[in-house]
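Okay, input09.pdb now, which holds PDB, C-alpha atoms and all ligand atoms:
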ATOM      1  CA  MET E   1       0.000   0.000   0.000  1.00  0.00           C
ATOM      2  CA  LYS E   2       2.674   2.416   1.017  1.00  0.00           C
ATOM      3  CA  SER E   3       4.964   1.720  -1.922  1.00  0.00           C
ATOM      4  CA  TYR E   4       2.001   2.062  -4.274  1.00  0.00           C
ATOM      5  CA  LYS E   5       1.396   5.542  -2.902  1.00  0.00           C
ATOM      6  CA  CYS E   6       5.052   6.439  -3.320  1.00  0.00           C
ATOM      7  CA  ALA E   7       5.019   5.259  -6.920  1.00  0.00           C
ATOM      8  CA  ARG E   8       1.969   7.389  -7.554  1.00  0.00           C
ATOM      9  CA  ALA E   9       3.584  10.426  -5.956  1.00  0.00           C
ATOM     10  CA  LEU E  10       6.711   9.911  -8.027  1.00  0.00           C
ATOM     11  CA  ARG E  11       4.694   9.588 -11.212  1.00  0.00           C
ATOM     12  CA  ALA E  12       2.775  12.759 -10.315  1.00  0.00           C
ATOM     13  CA  ALA E  13       6.082  14.543  -9.731  1.00  0.00           C
ATOM     14  CA  LEU E  14       7.407  13.410 -13.104  1.00  0.00           C
ATOM     15  CA  ILE E  15       4.242  14.545 -14.833  1.00  0.00           C
ATOM     16  CA  GLY E  16       4.651  17.883 -13.044  1.00  0.00           C
ATOM     17  CA  VAL E  17       8.161  18.235 -14.432  1.00  0.00           C
ATOM     18  CA  ALA E  18       6.936  17.341 -17.922  1.00  0.00           C
ATOM     19  CA  ILE E  19       4.215  20.015 -17.702  1.00  0.00           C
ATOM     20  CA  ILE E  20       6.676  22.689 -16.570  1.00  0.00           C
ATOM     21  CA  GLY E  21       9.032  21.625 -19.353  1.00  0.00           C
ATOM     22  CA  SER E  22       6.386  22.030 -22.027  1.00  0.00           C
ATOM     23  CA  ALA E  23       4.882  25.271 -20.730  1.00  0.00           C
ATOM     24  CA  SER E  24       6.901  27.356 -23.161  1.00  0.00           C
ATOM     25  CA  ALA E  25       5.558  25.271 -26.056  1.00  0.00           C
ATOM     26  CA  GLY E  26       2.258  27.105 -25.773  1.00  0.00           C
ATOM     27  CA  ALA E  27       0.301  25.077 -23.237  1.00  0.00           C
ATOM     28  CA  GLY E  28      -2.240  27.486 -21.924  1.00  0.00           C
ATOM     29  CA  VAL E  29      -3.311  26.075 -18.581  1.00  0.00           C
ATOM     30  CA  LYS E  30      -2.033  29.214 -16.855  1.00  0.00           C
ATOM     31  CA  ASP E  31      -4.768  31.091 -18.702  1.00  0.00           C
ATOM     32  CA  TYR E  32      -7.419  29.327 -16.624  1.00  0.00           C
ATOM     33  CA  GLU E  33      -8.493  30.004 -13.108  1.00  0.00           C
ATOM     34  CA  PHE E  34     -11.066  28.803 -10.614  1.00  0.00           C
ATOM     35  CA  GLN E  35     -13.005  31.462  -8.737  1.00  0.00           C
ATOM     36  CA  LEU E  36     -15.234  30.976  -5.723  1.00  0.00           C
ATOM     37  CA  LEU E  37     -18.821  32.102  -6.168  1.00  0.00           C
ATOM     38  CA  ASP E  38     -19.048  32.503  -2.386  1.00  0.00           C
ATOM     39  CA  LYS E  39     -16.044  33.011  -0.178  1.00  0.00           C
ATOM     40  CA  THR E  40     -17.928  31.951   2.933  1.00  0.00           C
ATOM     41  CA  VAL E  41     -20.016  28.914   3.773  1.00  0.00           C
ATOM     42  CA  LYS E  42     -21.917  27.910   6.864  1.00  0.00           C
ATOM     43  CA  LYS E  43     -20.401  25.199   9.023  1.00  0.00           C
ATOM     44  CA  GLY E  44     -22.103  21.874   8.330  1.00  0.00           C
ATOM     45  CA  ASP E  45     -23.073  20.289   5.030  1.00  0.00           C
ATOM     46  CA  ALA E  46     -22.148  22.966   2.537  1.00  0.00           C
ATOM     47  CA  ILE E  47     -22.345  23.453  -1.209  1.00  0.00           C
ATOM     48  CA  ILE E  48     -19.255  25.085  -2.653  1.00  0.00           C
ATOM     49  CA  SER E  49     -19.592  26.591  -6.121  1.00  0.00           C
ATOM     50  CA  VAL E  50     -16.647  27.599  -8.250  1.00  0.00           C
ATOM     51  CA  ARG E  51     -16.456  29.052 -11.731  1.00  0.00           C
ATOM     52  CA  LEU E  52     -13.684  28.089 -14.120  1.00  0.00           C
ATOM     53  CA  ILE E  53     -12.776  31.004 -16.347  1.00  0.00           C
ATOM     54  CA  HIS E  54     -10.456  31.581 -19.276  1.00  0.00           C
ATOM     55  CA  LYS E  55      -8.636  34.678 -18.012  1.00  0.00           C
ATOM     56  CA  PRO E  56      -7.790  36.420 -21.331  1.00  0.00           C
ATOM     57  CA  ASP E  57     -11.480  36.830 -22.221  1.00  0.00           C
ATOM     58  CA  GLY E  58     -13.127  36.172 -18.826  1.00  0.00           C
ATOM     59  CA  LYS E  59     -15.373  33.490 -20.312  1.00  0.00           C
ATOM     60  CA  PRO E  60     -16.630  30.527 -18.260  1.00  0.00           C
ATOM     61  CA  VAL E  61     -15.249  27.138 -19.296  1.00  0.00           C
ATOM     62  CA  PRO E  62     -17.733  24.251 -19.393  1.00  0.00           C
ATOM     63  CA  ASN E  63     -16.975  20.519 -19.634  1.00  0.00           C
ATOM     64  CA  ALA E  64     -13.694  20.561 -17.746  1.00  0.00           C
ATOM     65  CA  VAL E  65     -12.826  17.285 -16.079  1.00  0.00           C
ATOM     66  CA  ILE E  66     -12.284  17.861 -12.379  1.00  0.00           C
ATOM     67  CA  PHE E  67     -10.115  15.079 -11.052  1.00  0.00           C
ATOM     68  CA  ALA E  68      -8.503  16.317  -7.875  1.00  0.00           C
ATOM     69  CA  THR E  69     -10.270  17.838  -4.955  1.00  0.00           C
ATOM     70  CA  ARG E  70      -9.160  18.219  -1.405  1.00  0.00           C
ATOM     71  CA  LEU E  71     -10.582  20.358   1.354  1.00  0.00           C
ATOM     72  CA  ASP E  72      -8.454  20.843   4.435  1.00  0.00           C
ATOM     73  CA  MET E  73      -7.805  23.378   7.168  1.00  0.00           C
ATOM     74  CA  ALA E  74      -4.310  24.388   6.054  1.00  0.00           C
ATOM     75  CA  PRO E  75      -5.200  28.089   6.477  1.00  0.00           C
ATOM     76  CA  GLU E  76      -5.596  27.407  10.207  1.00  0.00           C
ATOM     77  CA  GLY E  77      -2.404  25.353  10.435  1.00  0.00           C
ATOM     78  CA  MET E  78      -4.405  22.112  10.373  1.00  0.00           C
ATOM     79  CA  GLU E  79      -3.264  20.574   7.085  1.00  0.00           C
ATOM     80  CA  THR E  80      -4.143  17.102   8.297  1.00  0.00           C
ATOM     81  CA  MET E  81      -7.745  18.023   9.078  1.00  0.00           C
ATOM     82  CA  LYS E  82      -9.492  17.240   5.841  1.00  0.00           C
ATOM     83  CA  THR E  83     -13.042  16.476   4.946  1.00  0.00           C
ATOM     84  CA  THR E  84     -15.078  14.839   2.230  1.00  0.00           C
ATOM     85  CA  VAL E  85     -15.688  16.657  -1.035  1.00  0.00           C
ATOM     86  CA  GLU E  86     -18.140  15.279  -3.556  1.00  0.00           C
ATOM     87  CA  ALA E  87     -18.661  16.642  -7.041  1.00  0.00           C
ATOM     88  CA  MET E  88     -22.254  17.512  -7.865  1.00  0.00           C
ATOM     89  CA  PRO E  89     -24.014  18.006 -11.192  1.00  0.00           C
ATOM     90  CA  SER E  90     -23.477  21.429 -12.644  1.00  0.00           C
ATOM     91  CA  THR E  91     -26.504  23.586 -13.337  1.00  0.00           C
ATOM     92  CA  GLU E  92     -24.717  26.398 -15.167  1.00  0.00           C
ATOM     93  CA  PRO E  93     -22.014  26.105 -17.847  1.00  0.00           C
ATOM     94  CA  GLY E  94     -18.591  26.738 -16.367  1.00  0.00           C
ATOM     95  CA  VAL E  95     -19.806  26.424 -12.775  1.00  0.00           C
ATOM     96  CA  TYR E  96     -18.741  23.373 -10.780  1.00  0.00           C
ATOM     97  CA  LYS E  97     -20.389  22.433  -7.509  1.00  0.00           C
ATOM     98  CA  PHE E  98     -19.139  20.352  -4.624  1.00  0.00           C
ATOM     99  CA  LYS E  99     -20.847  19.039  -1.546  1.00  0.00           C
ATOM    100  CA  ALA E 100     -18.592  19.140   1.484  1.00  0.00           C
ATOM    101  CA  ALA E 101     -18.891  18.300   5.138  1.00  0.00           C
ATOM    102  CA  VAL E 102     -17.457  21.449   6.685  1.00  0.00           C
ATOM    103  CA  THR E 103     -16.929  20.199  10.195  1.00  0.00           C
ATOM    104  CA  MET E 104     -15.336  23.224  11.815  1.00  0.00           C
ATOM    105  CA  GLU E 105     -15.563  26.978  11.502  1.00  0.00           C
ATOM    106  CA  GLY E 106     -12.534  28.840  10.234  1.00  0.00           C
ATOM    107  CA  GLY E 107     -10.416  28.826   7.110  1.00  0.00           C
ATOM    108  CA  TRP E 108     -10.480  25.925   4.658  1.00  0.00           C
ATOM    109  CA  GLN E 109      -8.391  25.389   1.562  1.00  0.00           C
ATOM    110  CA  LEU E 110      -9.995  23.824  -1.498  1.00  0.00           C
ATOM    111  CA  SER E 111      -7.442  22.311  -3.888  1.00  0.00           C
ATOM    112  CA  LEU E 112      -8.705  21.674  -7.400  1.00  0.00           C
ATOM    113  CA  GLY E 113      -7.194  20.100 -10.471  1.00  0.00           C
ATOM    114  CA  ALA E 114      -8.826  20.099 -13.871  1.00  0.00           C
ATOM    115  CA  LYS E 115      -8.312  19.101 -17.459  1.00  0.00           C
ATOM    116  CA  VAL E 116      -9.649  21.557 -20.009  1.00  0.00           C
ATOM    117  CA  GLN E 117     -10.607  20.395 -23.484  1.00  0.00           C
ATOM    118  CA  GLY E 118      -7.994  21.321 -26.055  1.00  0.00           C
ATOM    119  CA  GLU E 119      -5.294  22.127 -23.498  1.00  0.00           C
ATOM    120  CA  THR E 120      -2.427  19.960 -22.395  1.00  0.00           C
ATOM    121  CA  GLY E 121      -1.453  20.074 -18.773  1.00  0.00           C
ATOM    122  CA  THR E 122      -3.487  20.576 -15.661  1.00  0.00           C
ATOM    123  CA  VAL E 123      -5.196  23.605 -14.218  1.00  0.00           C
ATOM    124  CA  GLU E 124      -4.392  23.665 -10.527  1.00  0.00           C
ATOM    125  CA  ASN E 125      -5.767  26.153  -8.046  1.00  0.00           C
ATOM    126  CA  LYS E 126      -6.075  26.493  -4.308  1.00  0.00           C
ATOM    127  CA  LEU E 127      -8.968  28.537  -2.991  1.00  0.00           C
ATOM    128  CA  ILE E 128      -9.557  29.752   0.545  1.00  0.00           C
ATOM    129  CA  ILE E 129     -13.026  29.483   2.008  1.00  0.00           C
ATOM    130  CA  LYS E 130     -14.191  30.779   5.347  1.00  0.00           C
ATOM    131  CA  ALA E 131     -16.651  28.695   7.330  1.00  0.00           C
ATOM    132  CA  THR E 132     -18.892  30.663   9.635  1.00  0.00           C
ATOM    133  CA  PRO E 133     -20.826  29.285  12.636  1.00  0.00           C
TER     134      PRO E 133
HETATM  135 CU    CU E 201      -9.835  22.270  12.107  1.00  0.00          CU
END
Translate the structure described by the file into C-alpha cells.
Ligand SMILES: [Cu+2]
Amino acid sequence: MKSYKCARALRAALIGVAIIGSASAGAGVKDYEFQLLDKTVKKGDAIISVRLIHKPDGKPVPNAVIFATRLDMAPEGMETMKTTVEAMPSTEPGVYKFKAAVTMEGGWQLSLGAKVQGETGTVENKLIIKATP
C-alpha cells in the first residue's frame, strides 16, 4: 500500500516536471483560473460553487474534467484536518459544484485540479473558504 502511494507520488512529480518543461511550447493552462462564487459557507453540510474562467477573455469554461479535490484546514495550520468533497451536477455552464462536510468553523483550503478540453497540462488552483458558525 505504502509503496504504491510512493510510486503514484513519483509519477505525479514526473508529470509535473513534464508540464513545466512544455509550458513554453504554448500550453495554456495558466490562462485558466477557478473562482469561488461565495467566499464563505456555513459550518455543516455545505455546497461550494466555483467558476472556471479563461482569463484572457473572462469566459466561463464548461466541460472541464475535475479530477482532484481536497478540502483541508491548512489556512488554520491544520493541514491534516481534511473532509469529504463530492462533485455535484453542474446547473450552469462553467460552474462546478461540490458538496462538502465542513466540520469546523474557520479557514479551509480547497485544492482543485482540472483538465480543459484542447489544453495539455493541468489547471491547478487552491482557494480559501471561510466557514462561519
Ligand atoms: Cu480544524
Rank E:Gly94, E:Gly77, E:Pro89, E:Gly106 by their smallest atom-to-atom distance to Val50 in chain E, using all atoms listed in the file, and report the top residue only.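 Checking each candidate against Val50 in chain E, we get E:Gly94 as the closest.
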Set out as JSON lines a contact list for chain E and ligand CU 201 (chain E) with a cut-off of 8 Å, giving each residue of chain E that qualifies its closest atom pair and distance in Å to one decimal, counting only C-alpha atoms and all ligand atoms, ordered by chain and rising residue number.
{"residue": "E:Asp72", "atom": "CA", "partner": "E:CU201", "partner_atom": "CU", "distance": 7.9}
{"residue": "E:Met73", "atom": "CA", "partner": "E:CU201", "partner_atom": "CU", "distance": 5.5}
{"residue": "E:Glu76", "atom": "CA", "partner": "E:CU201", "partner_atom": "CU", "distance": 6.9}
{"residue": "E:Met78", "atom": "CA", "partner": "E:CU201", "partner_atom": "CU", "distance": 5.7}
{"residue": "E:Met81", "atom": "CA", "partner": "E:CU201", "partner_atom": "CU", "distance": 5.6}
{"residue": "E:Thr103", "atom": "CA", "partner": "E:CU201", "partner_atom": "CU", "distance": 7.6}
{"residue": "E:Met104", "atom": "CA", "partner": "E:CU201", "partner_atom": "CU", "distance": 5.6}
{"residue": "E:Glu105", "atom": "CA", "partner": "E:CU201", "partner_atom": "CU", "distance": 7.4}
{"residue": "E:Gly106", "atom": "CA", "partner": "E:CU201", "partner_atom": "CU", "distance": 7.3}
Go ahead and write the residues just picked, C-alpha atoms, as an mmCIF file, keeping the file's coordinate frame.
data_model
loop_
_atom_site.group_PDB
_atom_site.id
_atom_site.type_symbol
_atom_site.label_atom_id
_atom_site.label_comp_id
_atom_site.auth_asym_id
_atom_site.auth_seq_id
_atom_site.Cartn_x
_atom_site.Cartn_y
_atom_site.Cartn_z
ATOM 1 C CA ASP E 72 -8.454 20.843 4.435
ATOM 2 C CA MET E 73 -7.805 23.378 7.168
ATOM 3 C CA GLU E 76 -5.596 27.407 10.207
ATOM 4 C CA MET E 78 -4.405 22.112 10.373
ATOM 5 C CA MET E 81 -7.745 18.023 9.078
ATOM 6 C CA THR E 103 -16.929 20.199 10.195
ATOM 7 C CA MET E 104 -15.336 23.224 11.815
ATOM 8 C CA GLU E 105 -15.563 26.978 11.502
ATOM 9 C CA GLY E 106 -12.534 28.840 10.234
#
Residue with the minimum atom-to-atom distance to Ala87 in chain E, picked from E:Gln35, E:Ile66, E:Leu71, E:Gly113 with only C-alpha atoms counted, is E:Ile66
Near Trp108 in chain E, counting all atoms listed in the file, which residues have an atom at most 12 Å away, once you skip same-chain residues fewer than 4 positions from it, shown as a JSON list (two decimals) with C-alpha atoms, in the coordinates of the input?
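Listed below is the output, out.json:
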[["chain", "number", "residue", "atom", "x", "y", "z"],
["E", 39, "LYS", "CA", -16.04, 33.01, -0.18],
["E", 40, "THR", "CA", -17.93, 31.95, 2.93],
["E", 41, "VAL", "CA", -20.02, 28.91, 3.77],
["E", 42, "LYS", "CA", -21.92, 27.91, 6.86],
["E", 43, "LYS", "CA", -20.40, 25.20, 9.02],
["E", 48, "ILE", "CA", -19.26, 25.08, -2.65],
["E", 70, "ARG", "CA", -9.16, 18.22, -1.40],
["E", 71, "LEU", "CA", -10.58, 20.36, 1.35],
["E", 72, "ASP", "CA", -8.45, 20.84, 4.43],
["E", 73, "MET", "CA", -7.80, 23.38, 7.17],
["E", 74, "ALA", "CA", -4.31, 24.39, 6.05],
["E", 75, "PRO", "CA", -5.20, 28.09, 6.48],
["E", 76, "GLU", "CA", -5.60, 27.41, 10.21],
["E", 77, "GLY", "CA", -2.40, 25.35, 10.44],
["E", 78, "MET", "CA", -4.40, 22.11, 10.37],
["E", 79, "GLU", "CA", -3.26, 20.57, 7.08],
["E", 80, "THR", "CA", -4.14, 17.10, 8.30],
["E", 81, "MET", "CA", -7.74, 18.02, 9.08],
["E", 82, "LYS", "CA", -9.49, 17.24, 5.84],
["E", 83, "THR", "CA", -13.04, 16.48, 4.95],
["E", 100, "ALA", "CA", -18.59, 19.14, 1.48],
["E", 101, "ALA", "CA", -18.89, 18.30, 5.14],
["E", 102, "VAL", "CA", -17.46, 21.45, 6.68],
["E", 103, "THR", "CA", -16.93, 20.20, 10.20],
["E", 104, "MET", "CA", -15.34, 23.22, 11.82],
["E", 126, "LYS", "CA", -6.08, 26.49, -4.31],
["E", 127, "LEU", "CA", -8.97, 28.54, -2.99],
["E", 128, "ILE", "CA", -9.56, 29.75, 0.55],
["E", 129, "ILE", "CA", -13.03, 29.48, 2.01],
["E", 130, "LYS", "CA", -14.19, 30.78, 5.35],
["E", 131, "ALA", "CA", -16.65, 28.70, 7.33],
["E", 132, "THR", "CA", -18.89, 30.66, 9.64]]
Between CA of Gln117 in chain E and CA of Ala64 in chain E, what is the distance, to one decimal in Å?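 Pair CA of Gln117 in chain E / CA of Ala64 in chain E returns 6.5 Å.
Nearest residue to Val123 in chain E, choosing from E:Asp45, E:Glu33, E:Glu92, E:Asp57 and counting only C-alpha atoms: E:Glu33.
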Exercise for the section: Kindly give the distance, in Å, that separates CA of Val65 in chain E and CA of Leu37 in chain E, rounded to a single decimal. Expected result: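 Interatomic distance, CA of Val65 in chain E to CA of Leu37 in chain E: 18.8 Å.
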List the neighbours of Lys115 in chain E out to 12 Å using all atoms listed in the file; skip same-chain residues closer than 5 positions along the sequence, and give me the result as a PyMOL selection string. chain E and resi 27-30+32-33+52+61-68+120-124
Q | One-decimal distance in Å that lies between CA of Val95 in chain E and CA of Gly58 in chain E | A |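 Separation of CA of Gly58 in chain E and CA of Val95 in chain E: 13.3 Å.
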Incomplete range 105-116 of chain E brought to all heavy atoms, written out as a PDB file, keeping the file's coordinate frame:
ATOM      1  N   GLU E 105     -15.617  25.615  12.040  1.00  0.00           N
ATOM      2  CA  GLU E 105     -15.563  26.978  11.502  1.00  0.00           C
ATOM      3  C   GLU E 105     -14.118  27.428  11.374  1.00  0.00           C
ATOM      4  O   GLU E 105     -13.233  26.918  12.074  1.00  0.00           O
ATOM      5  CB  GLU E 105     -16.390  27.939  12.363  1.00  0.00           C
ATOM      6  CG  GLU E 105     -15.944  28.054  13.788  1.00  0.00           C
ATOM      7  CD  GLU E 105     -16.809  29.045  14.580  1.00  0.00           C
ATOM      8  OE1 GLU E 105     -16.571  30.256  14.456  1.00  0.00           O
ATOM      9  OE2 GLU E 105     -17.705  28.590  15.301  1.00  0.00           O
ATOM     10  N   GLY E 106     -13.885  28.352  10.469  1.00  0.00           N
ATOM     11  CA  GLY E 106     -12.534  28.840  10.234  1.00  0.00           C
ATOM     12  C   GLY E 106     -12.171  28.731   8.770  1.00  0.00           C
ATOM     13  O   GLY E 106     -13.031  28.563   7.909  1.00  0.00           O
ATOM     14  N   GLY E 107     -10.875  28.832   8.492  1.00  0.00           N
ATOM     15  CA  GLY E 107     -10.416  28.826   7.110  1.00  0.00           C
ATOM     16  C   GLY E 107     -10.203  27.422   6.567  1.00  0.00           C
ATOM     17  O   GLY E 107      -9.620  26.571   7.220  1.00  0.00           O
ATOM     18  N   TRP E 108     -10.670  27.201   5.347  1.00  0.00           N
ATOM     19  CA  TRP E 108     -10.480  25.925   4.658  1.00  0.00           C
ATOM     20  C   TRP E 108      -9.844  26.201   3.302  1.00  0.00           C
ATOM     21  O   TRP E 108     -10.135  27.229   2.681  1.00  0.00           O
ATOM     22  CB  TRP E 108     -11.820  25.213   4.440  1.00  0.00           C
ATOM     23  CG  TRP E 108     -12.445  24.684   5.694  1.00  0.00           C
ATOM     24  CD1 TRP E 108     -13.163  25.403   6.603  1.00  0.00           C
ATOM     25  CD2 TRP E 108     -12.413  23.335   6.179  1.00  0.00           C
ATOM     26  NE1 TRP E 108     -13.583  24.574   7.626  1.00  0.00           N
ATOM     27  CE2 TRP E 108     -13.139  23.299   7.388  1.00  0.00           C
ATOM     28  CE3 TRP E 108     -11.844  22.145   5.707  1.00  0.00           C
ATOM     29  CZ2 TRP E 108     -13.306  22.135   8.132  1.00  0.00           C
ATOM     30  CZ3 TRP E 108     -12.025  20.985   6.446  1.00  0.00           C
ATOM     31  CH2 TRP E 108     -12.740  20.988   7.645  1.00  0.00           C
ATOM     32  N   GLN E 109      -9.014  25.270   2.884  1.00  0.00           N
ATOM     33  CA  GLN E 109      -8.391  25.389   1.562  1.00  0.00           C
ATOM     34  C   GLN E 109      -8.933  24.314   0.634  1.00  0.00           C
ATOM     35  O   GLN E 109      -8.832  23.131   0.938  1.00  0.00           O
ATOM     36  CB  GLN E 109      -6.881  25.248   1.695  1.00  0.00           C
ATOM     37  CG  GLN E 109      -6.145  25.270   0.364  1.00  0.00           C
ATOM     38  CD  GLN E 109      -4.642  25.303   0.552  1.00  0.00           C
ATOM     39  OE1 GLN E 109      -4.030  26.362   0.580  1.00  0.00           O
ATOM     40  NE2 GLN E 109      -4.048  24.137   0.712  1.00  0.00           N
ATOM     41  N   LEU E 110      -9.494  24.754  -0.487  1.00  0.00           N
ATOM     42  CA  LEU E 110      -9.995  23.824  -1.498  1.00  0.00           C
ATOM     43  C   LEU E 110      -8.968  23.733  -2.618  1.00  0.00           C
ATOM     44  O   LEU E 110      -8.646  24.735  -3.261  1.00  0.00           O
ATOM     45  CB  LEU E 110     -11.341  24.315  -2.053  1.00  0.00           C
ATOM     46  CG  LEU E 110     -11.970  23.465  -3.159  1.00  0.00           C
ATOM     47  CD1 LEU E 110     -12.324  22.066  -2.664  1.00  0.00           C
ATOM     48  CD2 LEU E 110     -13.216  24.154  -3.719  1.00  0.00           C
ATOM     49  N   SER E 111      -8.413  22.541  -2.813  1.00  0.00           N
ATOM     50  CA  SER E 111      -7.442  22.311  -3.888  1.00  0.00           C
ATOM     51  C   SER E 111      -8.165  21.640  -5.046  1.00  0.00           C
ATOM     52  O   SER E 111      -8.832  20.619  -4.856  1.00  0.00           O
ATOM     53  CB  SER E 111      -6.305  21.400  -3.402  1.00  0.00           C
ATOM     54  OG  SER E 111      -5.712  21.943  -2.245  1.00  0.00           O
ATOM     55  N   LEU E 112      -8.025  22.212  -6.230  1.00  0.00           N
ATOM     56  CA  LEU E 112      -8.705  21.674  -7.400  1.00  0.00           C
ATOM     57  C   LEU E 112      -7.720  21.436  -8.537  1.00  0.00           C
ATOM     58  O   LEU E 112      -6.789  22.214  -8.738  1.00  0.00           O
ATOM     59  CB  LEU E 112      -9.764  22.665  -7.900  1.00  0.00           C
ATOM     60  CG  LEU E 112     -10.972  22.907  -7.002  1.00  0.00           C
ATOM     61  CD1 LEU E 112     -11.803  24.057  -7.564  1.00  0.00           C
ATOM     62  CD2 LEU E 112     -11.812  21.660  -6.875  1.00  0.00           C
ATOM     63  N   GLY E 113      -7.943  20.362  -9.250  1.00  0.00           N
ATOM     64  CA  GLY E 113      -7.194  20.100 -10.471  1.00  0.00           C
ATOM     65  C   GLY E 113      -8.196  19.835 -11.579  1.00  0.00           C
ATOM     66  O   GLY E 113      -9.244  19.236 -11.335  1.00  0.00           O
ATOM     67  N   ALA E 114      -7.887  20.286 -12.770  1.00  0.00           N
ATOM     68  CA  ALA E 114      -8.826  20.099 -13.871  1.00  0.00           C
ATOM     69  C   ALA E 114      -8.115  19.962 -15.203  1.00  0.00           C
ATOM     70  O   ALA E 114      -7.045  20.529 -15.416  1.00  0.00           O
ATOM     71  CB  ALA E 114      -9.803  21.278 -13.933  1.00  0.00           C
ATOM     72  N   LYS E 115      -8.743  19.189 -16.061  1.00  0.00           N
ATOM     73  CA  LYS E 115      -8.312  19.101 -17.459  1.00  0.00           C
ATOM     74  C   LYS E 115      -9.315  19.883 -18.290  1.00  0.00           C
ATOM     75  O   LYS E 115     -10.527  19.701 -18.150  1.00  0.00           O
ATOM     76  CB  LYS E 115      -8.313  17.632 -17.926  1.00  0.00           C
ATOM     77  CG  LYS E 115      -7.256  16.772 -17.259  1.00  0.00           C
ATOM     78  CD  LYS E 115      -5.896  17.048 -17.848  1.00  0.00           C
ATOM     79  CE  LYS E 115      -4.853  16.094 -17.253  1.00  0.00           C
ATOM     80  NZ  LYS E 115      -3.494  16.547 -17.549  1.00  0.00           N
ATOM     81  N   VAL E 116      -8.796  20.754 -19.140  1.00  0.00           N
ATOM     82  CA  VAL E 116      -9.649  21.557 -20.009  1.00  0.00           C
ATOM     83  C   VAL E 116      -9.516  21.024 -21.430  1.00  0.00           C
ATOM     84  O   VAL E 116      -8.403  20.740 -21.891  1.00  0.00           O
ATOM     85  CB  VAL E 116      -9.233  23.042 -19.958  1.00  0.00           C
ATOM     86  CG1 VAL E 116     -10.048  23.875 -20.928  1.00  0.00           C
ATOM     87  CG2 VAL E 116      -9.375  23.578 -18.540  1.00  0.00           C
TER      88      VAL E 116
END
